[in-house]
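Trainee: Next up, run_3.txt (compact mmCIF, C-alpha atoms).
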```
# COMPACT_ATOMS: atom_id res chain seq x y z
CA MET A 1 14.91 58.84 18.35
CA ASN A 2 15.91 55.66 16.57
CA SER A 3 16.81 57.15 13.21
CA THR A 4 19.80 57.35 10.88
CA TYR A 5 21.47 60.74 11.27
CA LEU A 6 22.76 62.14 8.00
CA GLU A 7 25.63 64.59 7.65
CA MET A 8 25.27 67.25 4.97
CA GLN A 9 27.03 65.23 2.25
CA ASP A 10 24.65 62.32 2.96
CA VAL A 11 21.68 64.68 2.59
CA LEU A 12 23.10 65.83 -0.75
CA ASP A 13 23.50 62.19 -1.85
CA GLN A 14 19.84 61.50 -1.04
CA LEU A 15 18.74 64.66 -2.81
CA GLU A 16 20.82 63.88 -5.90
CA ALA A 17 19.43 60.34 -6.13
CA ALA A 18 15.84 61.62 -5.90
CA LEU A 19 16.49 64.19 -8.64
CA GLN A 20 18.12 61.63 -10.93
CA GLU A 21 15.40 59.02 -10.37
CA LYS A 22 12.62 61.64 -10.52
CA ARG A 23 11.02 60.38 -7.33
CA PRO A 24 9.23 62.24 -4.52
CA PHE A 25 11.53 63.62 -1.86
CA SER A 26 10.89 66.06 0.99
CA LEU A 27 13.36 67.69 3.34
CA VAL A 28 11.65 69.41 6.27
CA ARG A 29 12.94 70.85 9.53
CA VAL A 30 11.87 71.23 13.15
CA GLY A 31 12.91 74.30 15.13
CA ASP A 32 11.31 76.27 17.93
CA GLY A 33 8.42 77.48 15.74
CA GLU A 34 7.41 73.98 14.65
CA ASN A 35 7.71 72.82 18.26
CA ILE A 36 5.44 75.61 19.49
CA VAL A 37 2.80 74.93 16.81
CA MET A 38 2.78 71.20 17.64
CA SER A 39 2.76 71.71 21.40
CA GLN A 40 -0.72 73.32 21.34
CA GLU A 41 -3.01 71.27 23.63
CA SER A 42 -0.76 68.22 23.16
CA VAL A 43 2.24 68.51 25.47
CA TRP A 44 1.42 72.05 26.64
CA PRO A 45 -1.84 73.81 27.56
CA MET A 46 -2.82 76.54 25.09
CA GLU A 47 -2.33 79.24 27.73
CA GLN A 48 1.35 78.31 28.04
CA VAL A 49 1.82 78.23 24.25
CA LEU A 50 0.32 81.68 23.77
CA GLN A 51 2.66 83.22 26.36
CA GLU A 52 5.76 82.29 24.36
CA ARG A 53 7.51 85.21 22.65
CA TRP A 54 7.41 83.32 19.33
CA ALA A 55 3.62 82.85 19.63
CA ILE A 56 3.12 86.53 20.45
CA LYS A 57 5.11 87.47 17.32
CA ALA A 58 3.03 85.00 15.30
CA ASN A 59 -0.16 86.67 16.48
CA LEU A 60 1.27 90.04 15.44
CA GLY A 61 1.50 88.67 11.90
CA GLN A 62 5.25 88.02 11.84
CA LYS A 63 5.36 84.25 11.40
CA GLY A 64 2.92 83.46 8.59
CA LEU A 65 0.37 81.90 10.96
CA ARG A 66 -1.76 82.71 13.97
CA LEU A 67 -2.39 80.65 17.10
CA PRO A 68 -4.38 78.80 18.29
CA ASN A 69 -4.47 76.60 15.18
CA LEU A 70 -5.06 72.93 15.97
CA LYS A 71 -5.61 72.02 12.31
CA MET A 72 -2.13 73.24 11.49
CA ARG A 73 -0.72 71.44 14.53
CA ASP A 74 -2.09 68.14 13.22
CA GLU A 75 -0.94 68.84 9.66
CA VAL A 76 2.63 69.60 10.75
CA ALA A 77 2.75 66.41 12.84
CA ALA A 78 1.34 64.34 9.96
CA SER A 79 3.84 65.80 7.51
CA LEU A 80 6.74 65.03 9.84
CA LYS A 81 5.64 61.39 9.92
CA ARG A 82 5.72 61.17 6.13
CA ALA A 83 8.68 63.37 5.14
CA THR A 84 11.79 61.78 3.62
CA ILE A 85 14.32 63.58 5.85
CA VAL A 86 13.52 65.54 9.01
CA GLY A 87 15.96 68.12 10.31
CA VAL A 88 16.14 68.22 14.11
CA LEU A 89 18.31 70.20 16.49
CA PRO A 90 20.98 68.13 18.23
CA ARG A 91 20.86 68.19 22.03
CA GLY A 92 22.46 71.32 23.44
CA ASP A 93 22.64 72.94 20.01
CA SER A 94 23.19 76.69 19.90
CA THR A 95 22.70 77.36 16.16
CA ILE A 96 19.32 79.00 16.67
CA LYS A 97 18.77 81.68 19.29
CA ALA A 98 15.71 80.23 21.04
CA PRO A 99 15.89 79.15 24.71
CA ASP A 100 16.93 75.52 25.14
CA TYR A 101 13.56 74.30 26.46
CA LEU A 102 11.99 75.27 23.09
CA LYS A 103 14.51 73.20 21.16
CA ARG A 104 15.40 69.50 21.29
CA PRO A 105 13.83 68.78 24.71
CA LEU A 106 10.44 69.95 23.37
CA THR A 107 10.93 68.12 20.05
CA ASP A 108 11.54 64.88 21.95
CA MET A 109 8.35 65.35 24.01
CA ILE A 110 6.30 66.11 20.89
CA PHE A 111 7.71 63.23 18.84
CA ALA A 112 6.92 60.85 21.71
CA HIS A 113 3.39 62.27 22.02
CA TYR A 114 2.58 61.91 18.30
CA GLY A 115 4.65 58.80 17.64
CA ILE A 116 6.83 60.63 15.12
CA ALA A 117 9.87 58.48 14.31
CA PRO A 118 11.65 59.68 11.17
CA ALA A 119 13.80 57.05 9.45
CA LEU A 120 16.27 59.74 8.37
CA THR A 121 17.22 62.87 10.29
CA CYS A 122 19.81 65.61 9.85
CA HIS A 123 20.66 68.95 11.47
CA ALA A 124 17.69 71.32 11.49
CA CYS A 125 19.89 74.07 10.04
CA VAL A 126 21.09 71.94 7.12
CA ASN A 127 19.43 74.42 4.72
CA ARG A 128 21.85 77.13 5.85
CA GLU A 129 24.75 74.84 5.02
CA LEU A 130 23.35 73.61 1.72
CA VAL A 131 23.20 77.07 0.18
CA GLN A 132 26.92 77.55 0.84
CA VAL A 133 27.93 74.38 -0.99
CA PRO A 134 28.48 74.55 -4.76
CA ARG A 135 27.38 70.92 -5.17
CA PHE A 136 23.83 71.83 -4.11
CA TRP A 137 23.51 74.49 -6.79
CA GLN A 138 25.13 72.25 -9.41
CA MET A 139 22.46 69.62 -8.74
CA LEU A 140 19.72 72.18 -9.37
CA ALA A 141 21.30 73.33 -12.65
CA GLY A 142 18.98 72.61 -15.54
CA LYS A 143 16.10 71.73 -13.21
CA ARG A 144 12.83 73.68 -13.40
CA VAL A 145 12.43 75.39 -10.04
CA LEU A 146 9.25 76.53 -8.30
CA LEU A 147 9.90 79.22 -5.68
CA VAL A 148 7.36 79.79 -2.89
CA THR A 149 8.04 82.58 -0.41
CA ARG A 150 7.00 85.98 0.86
CA GLU A 151 10.03 87.85 -0.58
CA LEU A 152 9.56 86.68 -4.15
CA ASP A 153 11.02 89.43 -6.31
CA GLU A 154 14.18 89.86 -4.28
CA LEU A 155 14.91 86.16 -3.96
CA GLU A 156 14.12 85.34 -7.57
CA ALA A 157 16.36 88.16 -8.78
CA ALA A 158 19.25 86.80 -6.70
CA LEU A 159 18.79 83.16 -7.68
CA VAL A 160 18.67 83.58 -11.45
CA LYS A 161 22.11 85.18 -11.62
CA GLU A 162 25.59 84.13 -10.55
CA PRO A 163 26.62 82.11 -8.66
CA TYR A 164 23.28 80.25 -8.63
CA TYR A 165 21.87 80.47 -12.16
CA LEU A 166 18.60 78.76 -11.30
CA ASP A 167 15.90 78.23 -13.89
CA ILE A 168 12.92 79.57 -11.94
CA VAL A 169 9.85 78.62 -13.98
CA SER A 170 7.17 79.63 -11.47
CA THR A 171 6.84 81.70 -8.32
CA LEU A 172 4.07 81.76 -5.74
CA ALA A 173 3.76 84.47 -3.12
CA PHE A 174 3.03 82.78 0.20
CA ASP A 175 2.37 85.00 3.15
CA ASN A 176 0.37 82.94 5.63
CA TYR A 177 -1.31 79.64 6.46
CA ASP A 178 -4.66 80.79 5.01
CA GLN A 179 -3.13 80.26 1.54
CA MET A 180 -2.25 76.61 2.18
CA ASP A 181 -5.13 74.93 0.34
CA GLU A 182 -5.03 77.12 -2.77
CA THR A 183 -1.22 76.80 -2.94
CA LEU A 184 -1.32 73.00 -2.75
CA GLN A 185 -4.11 72.97 -5.32
CA TRP A 186 -1.98 75.05 -7.70
CA ILE A 187 1.01 72.75 -7.14
CA GLN A 188 -1.06 69.67 -7.90
CA THR A 189 -2.56 71.23 -11.02
CA HIS A 190 0.87 72.35 -12.29
CA GLN A 191 2.89 69.30 -11.22
CA ASP A 192 4.20 68.74 -14.75
CA ASP A 193 5.65 72.24 -14.95
CA PHE A 194 8.46 71.99 -12.36
CA ASP A 195 11.04 69.52 -10.99
CA VAL A 196 12.04 71.06 -7.66
CA ALA A 197 10.17 73.29 -5.21
CA LEU A 198 11.90 75.57 -2.68
CA PHE A 199 9.78 76.84 0.22
CA SER A 200 10.78 79.73 2.47
CA CYS A 201 7.62 80.34 4.50
CA GLY A 202 8.28 79.46 8.11
CA VAL A 203 6.45 76.54 9.72
CA ASN A 204 4.13 76.40 6.68
CA ALA A 205 7.08 75.02 4.68
CA VAL A 206 6.95 71.71 6.59
CA ILE A 207 3.44 71.01 5.31
CA LEU A 208 4.07 72.50 1.86
CA ALA A 209 7.27 70.54 1.19
CA GLU A 210 5.93 67.19 2.36
CA ARG A 211 2.60 67.58 0.55
CA THR A 212 4.33 68.71 -2.67
CA ALA A 213 6.44 65.55 -2.67
CA ALA A 214 3.37 63.42 -1.99
CA LEU A 215 0.84 65.14 -4.28
CA ALA A 216 3.10 66.13 -7.18
CA GLY A 217 5.83 63.50 -6.88
CA LYS A 218 8.56 66.16 -6.83
CA VAL A 219 11.66 67.08 -4.87
CA ALA A 220 10.58 69.66 -2.27
CA ILE A 221 12.81 71.48 0.19
CA ASP A 222 11.93 73.47 3.30
CA PHE A 223 14.40 76.24 2.51
CA GLY A 224 13.81 78.15 5.73
CA LYS A 225 16.15 81.04 6.44
CA ALA A 226 18.34 80.10 3.48
CA ASN A 227 16.72 83.05 1.70
CA ASN A 228 18.37 85.35 4.28
CA MET A 229 21.74 83.68 3.66
CA ILE A 230 21.36 84.38 -0.05
CA LEU A 231 20.05 87.94 0.26
CA LYS A 232 21.97 89.15 3.34
CA GLY A 233 24.78 86.66 3.83
CA ARG A 234 23.45 85.69 7.26
CA ALA A 235 20.70 83.51 8.69
CA ASN A 236 18.75 86.10 10.69
```
Is it possible to express this structure as structure tokens?

Mentor:
Amino acid sequence: MNSTYLEMQDVLDQLEAALQEKRPFSLVRVGDGENIVMSQESVWPMEQVLQERWAIKANLGQKGLRLPNLKMRDEVAASLKRATIVGVLPRGDSTIKAPDYLKRPLTDMIFAHYGIAPALTCHACVNRELVQVPRFWQMLAGKRVLLVTRELDELEAALVKEPYYLDIVSTLAFDNYDQMDETLQWIQTHQDDFDVALFSCGVNAVILAERTAALAGKVAIDFGKANNMILKGRAN
């Protein structure tokens, strides 16, 4: 992967510049779920994909999507080609609990298959770090925030008070991939109403964040499990 790897402070610098210059910016991340979605009939046969524990959970309604879904596979891959910064897991990383073969080795196979070559990468769990850094929240101060997640009420209630004090102007409940088109339509229609969008909706967030930057010209962040950090003080 011939990309520039950014440490967290570098990611914050990029984010701050995009906010100040009011230009489109998307931060998305690739973990085991994104890998499994993209591996469908590309680097793995469908039968193998569907046997994975993550895929079984997805088909029980726990991941905000169901497999097989080749349309989503292609959309995730396309969004990763266009995103500003792509979070990937370093080789041998143990931050997430998935087996190693579902992590960086699979990402490398998928990126080679689709020709995904992000100019800028960072750690896939950068979102967990960001929420613990005061500078991140200071940057969002005074910005109009759109929050898109399944756990809306709880997360909104936490983010509007100390220590975050976010100005949440809109919230969208997002439960599964079937809501993708209507959600993006709403975002495009209301693009003048917000400055930053935070997405905590699993693999869907990759597509949502990248498309929000492209369609609405905004700063959009795949917030991932950061909602758990805020609500429970831990990532899982």

Trainee: List the spatial neighbours of Tyr114 (chain A) as a VMD selection string - criterion: any atom at most 10 Å away, only C-alpha atoms, same-chain residues fewer than 5 positions off excluded.

Mentor: chain A and resid 38 42 to 43 74 77 to 78 80 to 81 109

Trainee: Find the residue from A:Gly115, A:Pro163, A:Pro24, A:Gly224 that sits nearest to Phe136 (chain A); use all atoms listed in the file when measuring.

Mentor: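 Nearest candidate to Phe136 (chain A) out of A:Gly115, A:Pro163, A:Pro24, A:Gly224: A:Pro163.
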
Trainee: For Asp222 (chain A), work out the shell of residues within 6 Å, counting only C-alpha atoms and skipping chain neighbours fewer than 4 positions away, then give it as a PyMOL selection string.

Mentor: chain A and resi 27-28+199+205+209

Trainee: Between CA of Arg73 (chain A) and CA of Gly87 (chain A), measure the distance and give it in Å to one decimal.

Mentor: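 That distance, rounded to one decimal, is 17.5 Å.
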
Trainee: Restricting the calculation to all atoms listed in the file: of A:Leu198, A:Leu102, A:Leu65, A:Ile207, which residue gets closest to Gly31 (chain A)?

Mentor: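 The answer is A:Leu102, which sits nearest to Gly31 (chain A).
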
Trainee: I'd like the contact shell of Arg29 (chain A) - 10 Å cut-off, only C-alpha atoms, skipping same-chain residues fewer than 6 positions apart - returned as an MDAnalysis selection string.

Mentor: chainID A and resid 80 83 85:89 121:127 202:203 205:206 221:224
